[in-house]
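Asker: I have a structure here, written as structure tokens, and I will follow up with some questions on it.
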Number of protein chains: 4
Amino acid sequence: MPKVLPGYQQEARKRIIVTAVETFSEIGFHQTTMEDIAKRLGVSKAAIYSYFKNKEELIDAIGEATLHTLKEELDSLFKGRLSTDSFLEWAMSIIEMKIEDIKKYSSLHFEVLIEASRNVSLRRMLKENIRKATIIVAGLLEEEKRKRCIRQELNTRPLALGLIALFFGLRQVLLTGIGDEEVSQAWRELMKAVARS
Amino acid sequence: MPKVLPGYQQEARKRIIVTAVETFSEIGFHQTTMEDIAKRLGVSKAAIYSYFKNKEELIDAIGEATLHTLKEELDSLFKGRLSTDSFLEWAMSIIEMKIEDIKKYSSLHFEVLIEASRNVSLRRMLKENIRKATIIVAGLLEEEKRKRCIRQELNTRPLALGLIALFFGLRQVLLTGIGDEEVSQAWRELMKAVARS
Amino acid sequence: MPKVLPGYQQEARKRIIVTAVETFSEIGFHQTTMEDIAKRLGVSKAAIYSYFKNKEELIDAIGEATLHTLKEELDSLFKGRLSTDSFLEWAMSIIEMKIEDIKKYSSLHFEVLIEASRNVSLRRMLKENIRKATIIVAGLLEEEKRKRCIRQELNTRPLALGLIALFFGLRQVLLTGIGDEEVSQAWRELMKAVARS
Amino acid sequence: MPKVLPGYQQEARKRIIVTAVETFSEIGFHQTTMEDIAKRLGVSKAAIYSYFKNKEELIDAIGEATLHTLKEELDSLFKGRLSTDSFLEWAMSIIEMKIEDIKKYSSLHFEVLIEASRNVSLRRMLKENIRKATIIVAGLLEEEKRKRCIRQELNTRPLALGLIALFFGLRQVLLTGIGDEEVSQAWRELMKAVARS
DNA sequence: GATGAATGAGCCTTCATTCAT
DNA sequence: AATGAATGAAGGCTCATTCAT
């Protein structure tokens, strides 16, 4: 007796997730009340329970959604280089583009990280995402290496992981309130190190 | 007997903090009950309240303690180089030494980070710690630069912040279960990049 | 079903207030547990919290309700005189009519009084009620004065306040267990004093 | 092995009672903590327990002490008349003398009243005090009556109770913040009524 | 499908009271 | 005789969750 198409279900889930992401991001996973989310959605608490069995399932879904976003973020790391850019210009365009997004959902990123530290499936997903992203980034770096834009002696696979880690770490630095400019320069300096002089 | 014997009071506070750190680390700040801590300490809940006004104050104290530890961790980055080591050997010895410590209370660090994202005084403290550490690390790098162990074109100050961020990021990567070896290599590769070929 | 049906909400609030009045009256404001009230109502503690933000708000509501009752009590002082009654007969009919009511929730009145002594808004309300009642009673007395039923040299306004105070005081006396008869006679004697010989 | 004379014990009890009266008066019986009292006394909580078995016993003692004071207050009603004063002058001197004291411990009076409503022995004591005071006041009024200062048709015994009730009631009026002047005048008007024109 | 209402379980916090020293 | 320290027993309040309608 499904009155609505599964499409609607999915649509509703998404709307809930979007709102939940906002709320969780502002207040934190465990300080956010189901009521908080419901109010912001303009529906009753019970309504949310039609789409998510319980708060944990909602958190998991948010975790997955966040990891999905993270994955895309990482994939896009170093993507879209124009042939005219130098390696460094390219690298800088990335950080400058991302910096606002990063700040926006920064705390959520760490909430998910903590959640992952206590939730195997989330942790596995996070690990897998990093792995896949590492491979993609490594591929891009390999290309740069071939084009002699980066130092020849560097192994692209661990380097890729290193850059991803750096990206994560800058997020942490941004969270403390250290300015965008400083953060950009930190990124630049390491990119300069990576780049072929 | 101890009228104004801050010794005992301090001792008790410390014991509470140690136990709380363990518990918070395993369960998380907001999932941990005062009772959880009390039980593990073998005292009543009320006892804790004679040393800390409320849960928040306890969390803050732990936040500060953790940040203190973080500060020391960062300060020790690159310290203690033997004259015989190459820059790279030195850098690797650091990461290998730290990696176990890092994994130990890793999730607590992130809990504190999130706490800091919503607690001005904690956030300010974190920021200050990073700043100070940046200066110290920059100084060490400056020395290396003078000794021509690292690339001449690199600015040590932003580079220092970059390495600190990298350190932070590797902590995040470690949390996912990615192996020590891979993490070490990621660090190495970026150090190689920094080092003068 | 009741979306914005204040009817139900109001009804529920009232039922809670009625039960709370009983309970507070027997046990006292600060000795009564939210659970005490909930049990007597046959609902959960949490249910009460959807109608009253916290215990204080419930107490305030009861304070206001009690003051409202008090106001009516005072207003009715000396009301409804039949033309055939003498002033004294009239005065006595009042006290005899009220005496049972007075005893019923007597201790609650004093609880509210104490609450008022530490709660500005409640105190102001109490004061206002007394003022208004004084004016009404003074008006009635003025009428009696014109009809030469009470002593001509008496100023009705302060006299009204005096009689109200007397009424209050007799409530206190009744609380001690001193008999109705004695209390009635005390009232009579002062009324005799007021009445024109 | 009594190190101190019983005199000391009594002395200490008294000091505790005095401080407790102050504290209870400001904060109320059930909101006042043993710690509140101890702090104000400058001793430890445990010290109070050497003199009073528990809080209830302390409250009872305060109740008794308050009733004792009340008794004296009532006894002094109409006492000390100089032969030159008129009855009314005399009555007014009383209220003016008492008004400050009344306001000071007004809320305590009502706390004791409520306590009495739930504590047989306190209630009995209160009742007895009022009875005795009634007799004394009645005696004084009888004297006035003989001197033709008050209306001949008044029965002094119930009149005495009425005046005591009035006194109680004015205390309640004062508690609401109604001014001293108004209260004095209310008292005067009823005294005028009692006095022989 | 959605909601208003209710609830059980649990958490933080307080406080009268005890007791070893 | 006094106290610092500790605690058991609440009590207020919150919140994820359920369910009749």
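Ligands are numbered from 1 in the order shown, chains are lettered A, B, ... in the order of the structure tokens, and residues start at 1 in each chain.
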Enumerate, in order of chain and increasing residue number, the residues of chain A with an atom no farther than 9 Å from chain E, each with its shortest atom pair and distance in Å to one decimal, counting only C-alpha atoms (C1' of nucleotides), as CSV.

Answerer:
```
residue,atom,partner,partner_atom,distance
A:Lys3,CA,E:DG1,C1',8.4
A:Val43,CA,E:DA2,C1',8.4
A:Ser44,CA,E:DT3,C1',6.2
A:Lys45,CA,E:DT3,C1',8.5
A:Ala46,CA,E:DT3,C1',7.1
A:Ala47,CA,E:DA2,C1',6.1
A:Ser50,CA,E:DG1,C1',8.2
```

Asker: Any chance you could tabulate, as a tab-separated table, the residues of chain A at most 7 Å from chain B with each one's nearest atom pair and distance in Å to one decimal, using only C-alpha atoms, in chain and rising number order?

Answerer:
```
residue	atom	partner	partner_atom	distance
A:His30	CA	B:His30	CA	6.6
A:Ser107	CA	B:Ile114	CA	6.0
A:Phe110	CA	B:Phe110	CA	6.4
A:Ile114	CA	B:Ser107	CA	6.0
A:Ser117	CA	B:Leu175	CA	6.5
A:Arg123	CA	B:Thr176	CA	5.6
A:Leu126	CA	B:Thr176	CA	6.4
A:Lys127	CA	B:Thr176	CA	5.3
A:Leu154	CA	B:Glu189	CA	6.3
A:Asn155	CA	B:Glu189	CA	6.9
A:Pro158	CA	B:Ala186	CA	4.4
A:Leu159	CA	B:Glu189	CA	5.4
A:Leu161	CA	B:Ala186	CA	5.7
A:Gly162	CA	B:Ala186	CA	4.5
A:Ala165	CA	B:Gly169	CA	4.2
A:Leu166	CA	B:Leu166	CA	4.3
A:Phe168	CA	B:Gly169	CA	4.8
A:Gly169	CA	B:Gly169	CA	3.8
A:Leu170	CA	B:Ala165	CA	5.3
A:Val173	CA	B:Ala165	CA	6.6
A:Leu175	CA	B:Ser117	CA	6.6
A:Thr176	CA	B:Lys127	CA	5.3
A:Gly177	CA	B:Lys127	CA	6.8
A:Ile178	CA	B:Lys127	CA	6.7
A:Glu182	CA	B:Pro158	CA	6.9
A:Gln185	CA	B:Pro158	CA	5.7
A:Ala186	CA	B:Pro158	CA	4.4
A:Trp187	CA	B:Gly162	CA	6.1
A:Glu189	CA	B:Leu159	CA	5.4
A:Leu190	CA	B:Leu159	CA	6.4
A:Ala193	CA	B:Val194	CA	5.0
A:Val194	CA	B:Ala193	CA	5.1
```

Asker: Got time to write the residues from that selection, C-alpha atoms, as an mmCIF file, in the first residue's frame?

Answerer:
```cif
data_model
loop_
_atom_site.group_PDB
_atom_site.id
_atom_site.type_symbol
_atom_site.label_atom_id
_atom_site.label_comp_id
_atom_site.auth_asym_id
_atom_site.auth_seq_id
_atom_site.Cartn_x
_atom_site.Cartn_y
_atom_site.Cartn_z
ATOM 1 C CA HIS A 30 25.299 14.198 20.439
ATOM 2 C CA SER A 107 33.452 20.399 12.788
ATOM 3 C CA PHE A 110 35.722 15.707 12.996
ATOM 4 C CA ILE A 114 35.205 10.366 16.031
ATOM 5 C CA SER A 117 36.712 5.667 15.599
ATOM 6 C CA ARG A 123 35.715 3.500 9.768
ATOM 7 C CA LEU A 126 36.472 6.189 5.588
ATOM 8 C CA LYS A 127 39.563 4.083 5.058
ATOM 9 C CA LEU A 154 59.246 11.235 -5.201
ATOM 10 C CA ASN A 155 57.071 8.135 -5.052
ATOM 11 C CA PRO A 158 52.861 7.768 -0.514
ATOM 12 C CA LEU A 159 53.146 11.354 -1.666
ATOM 13 C CA LEU A 161 48.584 10.040 0.914
ATOM 14 C CA GLY A 162 50.807 12.733 2.373
ATOM 15 C CA ALA A 165 46.825 14.103 5.096
ATOM 16 C CA LEU A 166 48.093 17.636 4.687
ATOM 17 C CA PHE A 168 43.075 17.056 6.451
ATOM 18 C CA GLY A 169 45.534 18.743 8.745
ATOM 19 C CA LEU A 170 44.902 22.160 7.276
ATOM 20 C CA VAL A 173 44.314 24.338 11.571
ATOM 21 C CA LEU A 175 39.164 25.157 12.782
ATOM 22 C CA THR A 176 41.325 26.894 15.367
ATOM 23 C CA GLY A 177 40.722 30.231 13.742
ATOM 24 C CA ILE A 178 44.094 30.581 12.128
ATOM 25 C CA GLU A 182 48.430 31.585 6.582
ATOM 26 C CA GLN A 185 50.818 29.762 2.432
ATOM 27 C CA ALA A 186 51.498 26.643 4.403
ATOM 28 C CA TRP A 187 49.997 24.619 1.577
ATOM 29 C CA GLU A 189 55.258 26.032 0.753
ATOM 30 C CA LEU A 190 54.831 22.288 0.735
ATOM 31 C CA ALA A 193 58.791 21.610 -2.024
ATOM 32 C CA VAL A 194 57.060 18.989 -4.109
#
```

Asker: Taking the chain letters and numbering used in this document, name the residues of chain A that DSSP puts in alpha helix (DSSP H), as a PyMOL selection string.

Answerer: chain A and resi 6-27+34-41+45-51+55-76+87-104+106-117+120-146+156-175+180-194

Asker: Pull the closest atom pair for each residue of chain A that gets at most 10 Å from chain F, along with the distance in Å to one decimal, counting only C-alpha atoms (C1' of nucleotides), ordering rows by chain and then ascending residue number, as a Markdown table.

Answerer:
```
| residue | atom | partner | partner_atom | distance |
| --- | --- | --- | --- | --- |
| A:Thr33 | CA | F:DC15 | C1' | 7.3 |
| A:Met34 | CA | F:DA16 | C1' | 7.6 |
| A:Glu35 | CA | F:DC15 | C1' | 8.8 |
| A:Lys45 | CA | F:DT17 | C1' | 9.6 |
| A:Ala46 | CA | F:DT17 | C1' | 8.6 |
| A:Tyr49 | CA | F:DT17 | C1' | 8.8 |
| A:Lys53 | CA | F:DT17 | C1' | 9.7 |
| A:Asn54 | CA | F:DA16 | C1' | 7.9 |
| A:Lys55 | CA | F:DA16 | C1' | 7.6 |
```

Asker: With N, CA, C and O atoms retained, export the selected residues as a PDB file, in the first residue's frame.

Answerer:
```
ATOM      1  N   THR A  33      19.351  17.446  19.213  1.00  0.00           N
ATOM      2  CA  THR A  33      18.141  16.711  19.557  1.00  0.00           C
ATOM      3  C   THR A  33      17.379  16.350  18.287  1.00  0.00           C
ATOM      4  O   THR A  33      17.424  17.093  17.311  1.00  0.00           O
ATOM      5  N   MET A  34      16.683  15.256  18.328  1.00  0.00           N
ATOM      6  CA  MET A  34      15.816  14.931  17.208  1.00  0.00           C
ATOM      7  C   MET A  34      14.838  16.082  17.008  1.00  0.00           C
ATOM      8  O   MET A  34      14.469  16.419  15.884  1.00  0.00           O
ATOM      9  N   GLU A  35      14.448  16.683  18.086  1.00  0.00           N
ATOM     10  CA  GLU A  35      13.537  17.821  18.019  1.00  0.00           C
ATOM     11  C   GLU A  35      14.171  18.999  17.271  1.00  0.00           C
ATOM     12  O   GLU A  35      13.501  19.673  16.489  1.00  0.00           O
ATOM     13  N   LYS A  45       8.777  15.204  15.174  1.00  0.00           N
ATOM     14  CA  LYS A  45       9.850  14.255  15.430  1.00  0.00           C
ATOM     15  C   LYS A  45       9.511  12.898  14.831  1.00  0.00           C
ATOM     16  O   LYS A  45      10.329  12.249  14.183  1.00  0.00           O
ATOM     17  N   ALA A  46       8.275  12.492  15.077  1.00  0.00           N
ATOM     18  CA  ALA A  46       7.857  11.168  14.637  1.00  0.00           C
ATOM     19  C   ALA A  46       8.064  10.984  13.136  1.00  0.00           C
ATOM     20  O   ALA A  46       8.368   9.880  12.678  1.00  0.00           O
ATOM     21  N   TYR A  49      11.222   9.517  12.161  1.00  0.00           N
ATOM     22  CA  TYR A  49      11.324   8.083  12.427  1.00  0.00           C
ATOM     23  C   TYR A  49      10.676   7.225  11.339  1.00  0.00           C
ATOM     24  O   TYR A  49      10.801   6.010  11.358  1.00  0.00           O
ATOM     25  N   LYS A  53      15.323   4.619  11.313  1.00  0.00           N
ATOM     26  CA  LYS A  53      14.870   3.777  12.417  1.00  0.00           C
ATOM     27  C   LYS A  53      15.159   4.433  13.765  1.00  0.00           C
ATOM     28  O   LYS A  53      14.356   4.349  14.689  1.00  0.00           O
ATOM     29  N   ASN A  54      16.299   5.045  13.871  1.00  0.00           N
ATOM     30  CA  ASN A  54      16.627   5.721  15.120  1.00  0.00           C
ATOM     31  C   ASN A  54      17.756   6.730  14.867  1.00  0.00           C
ATOM     32  O   ASN A  54      18.237   6.860  13.744  1.00  0.00           O
ATOM     33  N   LYS A  55      18.135   7.405  15.909  1.00  0.00           N
ATOM     34  CA  LYS A  55      19.117   8.471  15.744  1.00  0.00           C
ATOM     35  C   LYS A  55      20.434   7.932  15.193  1.00  0.00           C
ATOM     36  O   LYS A  55      21.077   8.560  14.360  1.00  0.00           O
TER      37      LYS A  55
END
```

Asker: Residues within 8 Å of range 93-100 of chain B, please, as a list in words. Count only C-alpha atoms (C1' of nucleotides); anything in the same chain fewer than 2 positions from it doesn't count.

Answerer: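 Residues near the query, excluding close chain neighbours: Leu77, Phe78, Glu89, Trp90, Ala91, Ile102, Lys103, Lys104, Asp180, Ser184 and Trp187 of chain B.
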
Asker: I want to know what sits within 9 Å of Leu41 in chain C, based on only C-alpha atoms (C1' of nucleotides), with residues of the same chain fewer than 6 positions away left out; could you give that as number ranges by chain?

Answerer: C: 15-16, 19-20

Asker: Just the residues within 12 Å of Ser83 in chain B, please, counting only C-alpha atoms (C1' of nucleotides), with nothing from its chain fewer than 4 positions along; format it as a list of chain:residue names.

Answerer: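 Residues near the query, excluding close chain neighbours: B:Lys79, B:Phe87, B:Glu89, B:Trp90, B:Glu144, B:Lys147, B:Cys149.
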
Asker: Can you write out the residues you just picked, keeping N, CA and C atoms, as an mmCIF file, in the first residue's frame?

Answerer:
```
data_model
loop_
_atom_site.group_PDB
_atom_site.id
_atom_site.type_symbol
_atom_site.label_atom_id
_atom_site.label_comp_id
_atom_site.auth_asym_id
_atom_site.auth_seq_id
_atom_site.Cartn_x
_atom_site.Cartn_y
_atom_site.Cartn_z
ATOM 1 N N LYS B 79 62.857 17.991 17.167
ATOM 2 C CA LYS B 79 63.889 18.282 18.178
ATOM 3 C C LYS B 79 64.837 17.113 18.322
ATOM 4 N N PHE B 87 68.999 14.939 7.428
ATOM 5 C CA PHE B 87 67.706 15.543 7.718
ATOM 6 C C PHE B 87 66.594 14.512 7.630
ATOM 7 N N GLU B 89 66.768 11.180 7.889
ATOM 8 C CA GLU B 89 66.838 10.198 8.979
ATOM 9 C C GLU B 89 66.216 10.759 10.246
ATOM 10 N N TRP B 90 66.570 11.992 10.447
ATOM 11 C CA TRP B 90 66.042 12.693 11.608
ATOM 12 C C TRP B 90 64.507 12.730 11.564
ATOM 13 N N GLU B 144 68.211 24.292 9.742
ATOM 14 C CA GLU B 144 68.471 23.306 8.684
ATOM 15 C C GLU B 144 68.744 23.991 7.354
ATOM 16 N N LYS B 147 72.072 25.229 7.241
ATOM 17 C CA LYS B 147 72.983 24.110 7.024
ATOM 18 C C LYS B 147 72.786 23.477 5.647
ATOM 19 N N CYS B 149 70.429 21.838 4.495
ATOM 20 C CA CYS B 149 69.817 20.518 4.488
ATOM 21 C C CYS B 149 68.440 20.545 3.846
#
```
